[in-house]
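J.: Quick one: the structure is below, questions incoming.
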Amino acid sequence: MGRPTSFRFSEELSARLEEEAAAAGLSVSALVTTLLDEGLKIRRFPGWSFGTDRRDDGPVWSTVPTCGR
């Protein structure tokens with residue numbers, strides 16, 4: 001279990017997060033955690049794309065280099 005953390009989001013961003021979380025079948029907290037993790041990976045490894053394949057039983061991380069950026 002993670003450490004409780006508090007953030008303040010705009011009403012518009014909160015609504016978008018709630019909509020996306022509902023569409024993905026996730027809690028807002030789980031979605032925010034996933035998005036932050038993906039964003040930090042992208043910042044740490046510029047030029048690489050990190051995607052998630054959820055076609056099977058769970059997420060499978062795949063790393064695909066993006067050339068020419």
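By convention here, the chains of the structure tokens are called A, B, ... in the order presented, each chain's residues are numbered starting at 1, and ligands are numbered starting at 1 in the order presented.
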Show me, as an mmCIF file with N, CA and C atoms, in the first residue's frame, the residues that have an atom within 12 Å of Leu13 (chain A) when counting only C-alpha atoms, minus same-chain residues fewer than 6 positions from it.

T.:
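Just written: result_29.cif:
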```cif
data_model
loop_
_atom_site.group_PDB
_atom_site.id
_atom_site.type_symbol
_atom_site.label_atom_id
_atom_site.label_comp_id
_atom_site.auth_asym_id
_atom_site.auth_seq_id
_atom_site.Cartn_x
_atom_site.Cartn_y
_atom_site.Cartn_z
ATOM 1 N N PHE A 7 -3.265 16.072 -3.328
ATOM 2 C CA PHE A 7 -3.036 17.019 -4.415
ATOM 3 C C PHE A 7 -4.326 17.777 -4.666
ATOM 4 N N GLU A 19 -13.712 10.646 -15.342
ATOM 5 C CA GLU A 19 -14.251 10.048 -16.571
ATOM 6 C C GLU A 19 -13.328 8.956 -17.118
ATOM 7 N N GLU A 20 -12.048 9.253 -17.169
ATOM 8 C CA GLU A 20 -11.071 8.281 -17.684
ATOM 9 C C GLU A 20 -10.976 7.062 -16.773
ATOM 10 N N VAL A 28 -9.786 6.542 -9.308
ATOM 11 C CA VAL A 28 -9.035 7.733 -9.706
ATOM 12 C C VAL A 28 -7.606 7.640 -9.174
ATOM 13 N N VAL A 32 -4.302 7.908 -11.497
ATOM 14 C CA VAL A 32 -3.302 8.947 -11.264
ATOM 15 C C VAL A 32 -1.935 8.317 -11.013
#
```

J.: Could you tell me how far CA of Ala30 (chain A) sits from CA of Pro46 (chain A), in Å to one decimal place?

T.: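 Answer for the CA of Pro46 (chain A) to CA of Ala30 (chain A) separation: 24.1 Å.
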
J.: Quick one: residues within 12 Å of Pro4 (chain A), only C-alpha atoms, excluding same-chain residues fewer than 2 positions away - as JSON, numbers by chain?

T.: {"A": [1, 2, 6, 7, 29, 33]}

J.: Could the residues in this selection be written to a file with C-alpha atoms, as a PDB file, in the first residue's frame?

T.:
```pdb
ATOM      1  CA  MET A   1       0.000   0.000   0.000  1.00  0.00           C
ATOM      2  CA  GLY A   2       1.235   3.462  -0.847  1.00  0.00           C
ATOM      3  CA  SER A   6      -2.886  14.978  -1.185  1.00  0.00           C
ATOM      4  CA  PHE A   7      -3.036  17.019  -4.415  1.00  0.00           C
ATOM      5  CA  SER A  29      -6.120   7.009  -7.372  1.00  0.00           C
ATOM      6  CA  THR A  33      -0.629   6.545  -9.985  1.00  0.00           C
TER       7      THR A  33
END
```

J.: Could you check how far CA of Ser14 (chain A) sits from CA of Thr34 (chain A), in Å to one decimal?

T.: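 Taking CA of Ser14 (chain A) as the start and CA of Thr34 (chain A) as the end point, the length is 15.4 Å.
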